[in-house]
Each structure stands twice: as C-alpha cells, then as structure tokens.
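Step one of this worksheet: look at the structure below.
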Amino acid sequence: MTTTVVSSPRLVRIGSRKSQLALIQTHWVKDTLQTHFPEWQFEIQEVSTKGDKILDVALSKIGDKGLFTKELETSILSGETDFAVHSLKDVQTHLPEGLTLGCITEREDPSDALVVHPKHRDLQLETLPEGAVIGTSSLRRLAQLRHHFPQFQFKDIRGNLNTRLSKLDAGEYDALVLATSGLKRMGWGERIQQTLSPDISLYAVGQGALGIECRSEDPDILPLLQVLAHTPTTLRCRAERAFLKDLEGGCQVPIGVHTVVSDQNLTLTGLVSSIDGQRWVKDTLSGPAQEPEALGQRLADHLRAQGAESILQEIFAEVRPQL
Ligand code: DPM
C-alpha cells in the first residue's frame with residue numbers, strides 16, 4: 001500500500017505591526033494563505049516596534065537599525081511567531097543570523113505620489129506657489145524635491161498615514177509626498193494628485209512590495225510562502241537590495257532606484273544624492289535578469305567611481321553624530 005506523506009497541518013502565527021496599513025497587508029497575506037491551505041490555521045499577532053513608539057522624531061535621527069522590524073524579528077527567533085509581514089523597504093539588507101526573506105510578493109505601483117491640501121486641488125508640483133510647505137521625513141524624497149523644486153519649503157512629518165493626512169488637511173502643510181502603494185492599499189487612491197515620474201523621484205529600494213521574513217531553516221513555512229512569491233518583483237528587488245547593501249546604505253539615506261524587468265533582461269537606475277540635492281550621481285545599467293545581485297553590485301561600483309562614497313560619508317557624519 002502506498003501512502004502520501006503530507007506534513008500535518010498546524011497553527012501558523014503571523015507577526016505584524018499594529019498600524020492600519022501593516023494590518024491590511026498582513027490580512028491579505030493571511031487570507032491568501034488560508035485560500036491555498038484551507039486545512040491550516042493562521043493567526044495574526046500584533047507586535048509594536050520602536051518606529052511605532054517614537055512618533056515625534058525624524059526617522060533619520062532615530063537611527064535605522066531595524067526600526068520597524070527588530071521586535072518582529074525577535075518574536076520569530078523566539079518561536080512566538082512563525083513569520084513576519086513587512087513593507088520590504090523597511091527590511092534591512094543585513095538580516096539577523098537565522099532569519100531569511102522567505103518570499104517577496106507582487107509589487108504594487110512603487111512610485112511616490114503628491115497629495116495636496118484641498119485648497120490646492122488644481123495644482124501639481126510644477127504649479128504650487130513659491131514657498132509652499134511640503135511634508136516628508138524621507139531624506140530620499142527631500143533631496144530629489146530640493147533638486148527639482150528649490151522654491152519650496154520642506155518640513156518633517158511623522159506618524160502613520162492617517163495622522164499625516166489629518167495634519168495636511170488641518171493646514172500644517174500644503175502638500176505631502178507619500179508612497180502610491182500605501183495610499184492605494186489604505187483605499188485613499190483618490191487623494192493622489194500626481195504620480196511622480198522617475199525623472200522627479202526615484203523610489204526607495206523595495207518600495208511597494210511586501211517582504212516575508214521567517215526562520216532560515218523552516219521546512220513547514222518556507223514551502224507555504226512560495227504561493228505568495230512573484231518572480232519579476234523578486235528579481236527587481238534583489239537587484240535593488242544588492243545595490244543598497246553594496247553602498248552600505250540603510251533605509252534612511254538619499255538613495256533612489258528604478259527597475260524594469262523584461263524577458264531575460266533587468267535594467268537598474270540608481271541615485272545617490274547629498275541631502276540638499278546639490279551633489280548627486282545617477283546611472284543606469286542592464287544585465288541578465290537571472291543575476292540580479294551582480295547587476296546591483298556593478299551599479300554600486302559605477303556610482304562609487306563617480307563619487308558616491310564621499311556623498312554618503314558626508315551624510316553619515318551629518319545625520320548620525322548623536323549615535
Ligand atoms: C522608509 C522610508 C519611509 C518609510 C524612507 C523612504 C518614508 C518616510 C517618510 C524606508 N520607510 O521612502 O525614502 O516619508 O516620512 C513606509 C511607508 C510604506 C512603507 C510610507 C511611505 C508604505 C509603502 C510601501 C515608511 N514604509 O513611504 O509613504 O509599502 O513600500
């Protein structure tokens with residue numbers, strides 16, 4: 001008699017941040033897995049991270065070592081949870097020993113978007129009045145906007161998406177720049193006034209994709225996660241992350257990217273900028289899609305040869321003296 005060996009179904013615990021956006025993303029992962037594996041049981045465990053607790057300090061000043069991920073990683077390593085759902089752009093390029101990215105999901109539109117105060121409902125970046133106050137705490141967005149639109153004022157903004165939009169509508173800012181993906185997932189796509197083209201804003205490494213982090217040797221979880229994996233997104237994000245890792249940029253440096261994958265080819269554009277947007281190096285390279293890390297490293301080398309290193313050193317000295 002032959003029998004098929006099936007690993008016995010069990011309870012899987014999924015770690016998530018508590019923000020509304022994080023929970024929307026985690027519920028999508030849970031529901032997708034539940035559809036594919038009806039005999040398994042999935043449960044979400046909410047975990048609060050340092051980035052959720054410190055809401056009044058600019059992200060770049062808190063330091064970037066796993067701001068939104070560390071507590072979730074600890075809960076996977078201790079066995080309290082089996083995997084965590086992150087916005088991939090918040091996941092460090094160096095993962096703690098024993099953990100891996102089990103899969104990368106299909107990317108939502110990775111662009112940045114302009115959201116304006118209702119009084120500016122007919123305006124875009126090109127037409128907003130001189131001196132308009134633009135809210136962002138991303139050094140990447142700040143540098144690129146300063147470069148193209150020096151006539152604006154820029155002001156830090158923190159808090160989750162709900163808080164940010166309330167601050168905008170209350171009149172503290174004329175406009176905000178946020179990720180298109182986050183706005184769409186929250187159901188606020190209609191507030192997008194302008195989708196920023198790559199000529200104006202290159203996106204953050206991994207923006208718009210989810211990264212699922214689990215134990216490196218987990219024979220039950222790793223196969224489950226494969227139903228969520230999206231190959232073109234994975235190839236693009238592997239190249240982007242290799243580029244960032246090679247430049248030793250954390251998630252709080254003015255580094256932007258743009259990737260295109262077509263048939264067998266992958267094209268990566270990368271930018272390293274000073275915070276004031278005055279000095280920058282930008283280049284585009286293509287290579288075989290099956291070797292994404294090699295492409296990311298090659299582009300990092302190219303940008304270093306054009307002066308990226310000294311731009312980054314200056315930023316590290318400026319942003320991190322308090323550490
Ligand atoms: C990281 C940055 C920001 C987040 C820096 C950057 C934006 C901070 C800000 C690494 N993480 O993008 O240059 O604008 O003040 C974050 C958002 C999302 C994931 C919100 C956003 C949703 C989009 C996604 C915060 N992390 O970028 O508007 O899933 O990629």
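Going by the structure tokens order, chains are called A, B, ..., each with residues numbered from 1, while ligands are numbered from 1 in the order shown.
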
From stretch 166-257 of chain A, collect each residue whose DSSP state is strand (DSSP E or B) and return the set as a short mmCIF file (atom, residue, chain, number, x, y, z; two decimals) with all heavy atoms, in the first residue's frame.
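What follows is the written file selection.cif:
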data_model
loop_
_atom_site.label_atom_id
_atom_site.label_comp_id
_atom_site.auth_asym_id
_atom_site.auth_seq_id
_atom_site.Cartn_x
_atom_site.Cartn_y
_atom_site.Cartn_z
N ALA A 175 1.29 70.31 0.95
CA ALA A 175 1.27 69.03 0.24
C ALA A 175 2.19 68.03 0.93
O ALA A 175 3.08 68.42 1.70
CB ALA A 175 1.73 69.24 -1.20
N LEU A 176 1.98 66.76 0.67
CA LEU A 176 2.84 65.70 1.19
C LEU A 176 3.30 64.83 0.02
O LEU A 176 2.59 64.74 -0.99
CB LEU A 176 2.08 64.77 2.15
CG LEU A 176 1.33 65.37 3.34
CD1 LEU A 176 0.64 64.26 4.12
CD2 LEU A 176 2.28 66.16 4.23
N VAL A 177 4.44 64.19 0.20
CA VAL A 177 4.82 63.15 -0.76
C VAL A 177 4.85 61.83 -0.01
O VAL A 177 5.50 61.71 1.03
CB VAL A 177 6.19 63.45 -1.42
CG1 VAL A 177 6.59 62.32 -2.35
CG2 VAL A 177 6.12 64.77 -2.19
N LEU A 178 4.08 60.88 -0.50
CA LEU A 178 3.93 59.57 0.14
C LEU A 178 4.05 58.49 -0.92
O LEU A 178 4.01 58.78 -2.12
CB LEU A 178 2.55 59.48 0.80
CG LEU A 178 2.29 60.46 1.95
CD1 LEU A 178 0.80 60.52 2.27
CD2 LEU A 178 3.08 60.05 3.19
N ALA A 179 4.11 57.23 -0.48
CA ALA A 179 4.17 56.13 -1.44
C ALA A 179 2.77 55.90 -2.03
O ALA A 179 1.79 55.80 -1.29
CB ALA A 179 4.66 54.86 -0.75
N GLN A 194 -0.84 63.60 -8.07
CA GLN A 194 0.18 63.47 -9.11
C GLN A 194 1.05 62.27 -8.76
O GLN A 194 1.51 62.15 -7.63
CB GLN A 194 1.03 64.76 -9.12
CG GLN A 194 2.14 64.80 -10.12
CD GLN A 194 2.92 66.13 -10.07
OE1 GLN A 194 2.77 66.92 -9.14
NE2 GLN A 194 3.75 66.37 -11.06
N THR A 195 1.24 61.42 -9.75
CA THR A 195 2.16 60.29 -9.58
C THR A 195 3.51 60.77 -10.08
O THR A 195 3.61 61.22 -11.22
CB THR A 195 1.67 59.08 -10.40
OG1 THR A 195 0.37 58.72 -9.90
CG2 THR A 195 2.58 57.89 -10.25
N TYR A 203 12.22 55.81 -6.59
CA TYR A 203 11.62 55.25 -5.37
C TYR A 203 12.65 54.59 -4.47
O TYR A 203 13.81 54.42 -4.84
CB TYR A 203 10.48 54.29 -5.72
CG TYR A 203 10.69 53.34 -6.88
CD1 TYR A 203 11.43 52.18 -6.73
CD2 TYR A 203 10.13 53.62 -8.13
CE1 TYR A 203 11.59 51.30 -7.79
CE2 TYR A 203 10.29 52.75 -9.20
CZ TYR A 203 11.02 51.59 -9.03
OH TYR A 203 11.19 50.73 -10.08
N LEU A 210 5.94 43.56 -0.51
CA LEU A 210 6.00 43.04 0.85
C LEU A 210 7.11 42.01 0.93
O LEU A 210 7.31 41.24 -0.01
CB LEU A 210 4.67 42.38 1.26
CG LEU A 210 3.39 43.18 1.06
CD1 LEU A 210 2.20 42.40 1.61
CD2 LEU A 210 3.50 44.54 1.73
N GLY A 211 7.81 42.01 2.06
CA GLY A 211 8.85 41.01 2.28
C GLY A 211 8.43 40.17 3.48
O GLY A 211 8.05 40.72 4.52
N ILE A 212 8.46 38.86 3.32
CA ILE A 212 8.07 37.99 4.42
C ILE A 212 9.31 37.34 5.00
O ILE A 212 10.09 36.70 4.28
CB ILE A 212 7.02 36.97 3.97
CG1 ILE A 212 5.82 37.78 3.45
CG2 ILE A 212 6.65 36.03 5.12
CD1 ILE A 212 4.59 37.00 3.17
N GLU A 213 9.52 37.58 6.29
CA GLU A 213 10.74 37.12 6.95
C GLU A 213 10.40 35.94 7.87
O GLU A 213 9.45 36.00 8.63
CB GLU A 213 11.30 38.29 7.78
CG GLU A 213 12.69 38.06 8.32
CD GLU A 213 13.22 39.30 9.07
OE1 GLU A 213 12.44 40.24 9.35
OE2 GLU A 213 14.43 39.31 9.36
N CYS A 214 11.21 34.87 7.73
CA CYS A 214 10.96 33.67 8.55
C CYS A 214 12.28 33.03 8.93
O CYS A 214 13.34 33.52 8.54
CB CYS A 214 10.10 32.69 7.75
SG CYS A 214 10.91 32.03 6.29
N ARG A 215 12.22 31.94 9.71
CA ARG A 215 13.45 31.24 10.08
C ARG A 215 14.08 30.60 8.84
O ARG A 215 13.37 30.05 7.98
CB ARG A 215 13.13 30.17 11.15
CG ARG A 215 12.79 30.75 12.51
CD ARG A 215 12.39 29.69 13.53
NE ARG A 215 11.09 29.12 13.25
CZ ARG A 215 9.93 29.62 13.71
NH1 ARG A 215 9.92 30.70 14.47
NH2 ARG A 215 8.78 29.05 13.40
N ILE A 255 19.01 57.54 -1.27
CA ILE A 255 19.29 56.60 -2.36
C ILE A 255 17.96 56.24 -3.00
O ILE A 255 17.02 55.85 -2.29
CB ILE A 255 20.01 55.34 -1.82
CG1 ILE A 255 21.45 55.68 -1.41
CG2 ILE A 255 20.01 54.23 -2.88
CD1 ILE A 255 22.29 54.50 -0.95
N GLY A 256 17.86 56.40 -4.31
CA GLY A 256 16.63 56.06 -5.02
C GLY A 256 16.95 55.11 -6.16
O GLY A 256 18.09 55.05 -6.64
N VAL A 257 15.96 54.34 -6.57
CA VAL A 257 16.16 53.37 -7.66
C VAL A 257 14.95 53.34 -8.59
O VAL A 257 13.87 53.87 -8.27
CB VAL A 257 16.36 51.93 -7.12
CG1 VAL A 257 17.67 51.80 -6.36
CG2 VAL A 257 15.18 51.48 -6.26
#

Pull the closest atom pair for each residue of chain A that gets at most 7 Å from ligand 1, along with the distance in Å to one decimal, counting only C-alpha atoms and all ligand atoms, ordering rows by chain and then ascending residue number, as CSV.
residue,atom,partner,partner_atom_place_in_ligand_line,distance
A:Leu59,CA,ligand 1,8 (C),7.0
A:Ser87,CA,ligand 1,29 (O),4.4
A:Leu88,CA,ligand 1,30 (O),6.5
A:Lys89,CA,ligand 1,10 (C),5.1
A:Asp90,CA,ligand 1,10 (C),4.7
A:Pro110,CA,ligand 1,30 (O),6.8
A:Thr136,CA,ligand 1,15 (O),4.7
A:Ser137,CA,ligand 1,15 (O),3.5
A:Ser138,CA,ligand 1,9 (C),4.3
A:Leu139,CA,ligand 1,13 (O),6.0
A:Arg140,CA,ligand 1,13 (O),4.6
A:Arg141,CA,ligand 1,13 (O),6.0
A:Ile157,CA,ligand 1,15 (O),6.0
A:Arg158,CA,ligand 1,15 (O),5.9
A:Val177,CA,ligand 1,14 (O),6.8
A:Leu178,CA,ligand 1,28 (O),3.6
A:Ala179,CA,ligand 1,28 (O),3.8
A:Ser181,CA,ligand 1,23 (C),5.3
A:Gly182,CA,ligand 1,22 (C),4.3
A:Tyr203,CA,ligand 1,12 (O),6.9
A:Ala204,CA,ligand 1,12 (O),5.0
A:Gly206,CA,ligand 1,30 (O),6.6
A:Gln207,CA,ligand 1,30 (O),3.6
A:Gly208,CA,ligand 1,30 (O),3.7
A:Ala209,CA,ligand 1,29 (O),5.9
A:Leu210,CA,ligand 1,29 (O),6.6
A:Cys251,CA,ligand 1,10 (C),4.4
A:Gln252,CA,ligand 1,5 (C),5.7
A:Pro254,CA,ligand 1,13 (O),6.9

If we count only C-alpha atoms and set the cut-off at 12 Å, which residues sit around A:Lys282, ignoring sequence neighbours fewer than 2 positions away in its own chain? Please answer as a count of residues only.
30

For A:Glu190, which residue out of A:Lys53, A:Thr81, A:Ala242, A:Leu114 is the nearest one, using only C-alpha atoms?
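Among the listed residues, A:Leu114 lies closest to A:Glu190.
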
As a VMD selection string, list the residues of stretch 189-237 of chain A assigned to alpha helix (DSSP H) by DSSP on the backbone atoms of this structure.
chain A and resid 221 to 225 231 to 237

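Here atom CA of A:Val133 stands at a distance of 23.4 Å from atom CA of A:Ile315.
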
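Proximity to A:Gly287 was assessed for A:Glu97, A:Glu43, A:Asp263, A:Glu309 counting only C-alpha atoms; the smallest distance is recorded for A:Asp263.
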
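Counting from atom CA of A:Gly98, the distance to atom CA of A:Gln20 is 28.7 Å.
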
Can you work out which one of A:Leu228, A:Ala132, A:Leu142, A:Val12 has the shortest atom-to-atom distance to A:Trp28, counting only C-alpha atoms?
A:Leu228

7 Å contact set for stretch 244-247 of chain A, only C-alpha atoms, chain neighbours under 2 positions out, as a list in words
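What passes the distance filter is Thr93, Glu240, Arg241, Ala242, Gly249, Gln297 and Ala300 of chain A.
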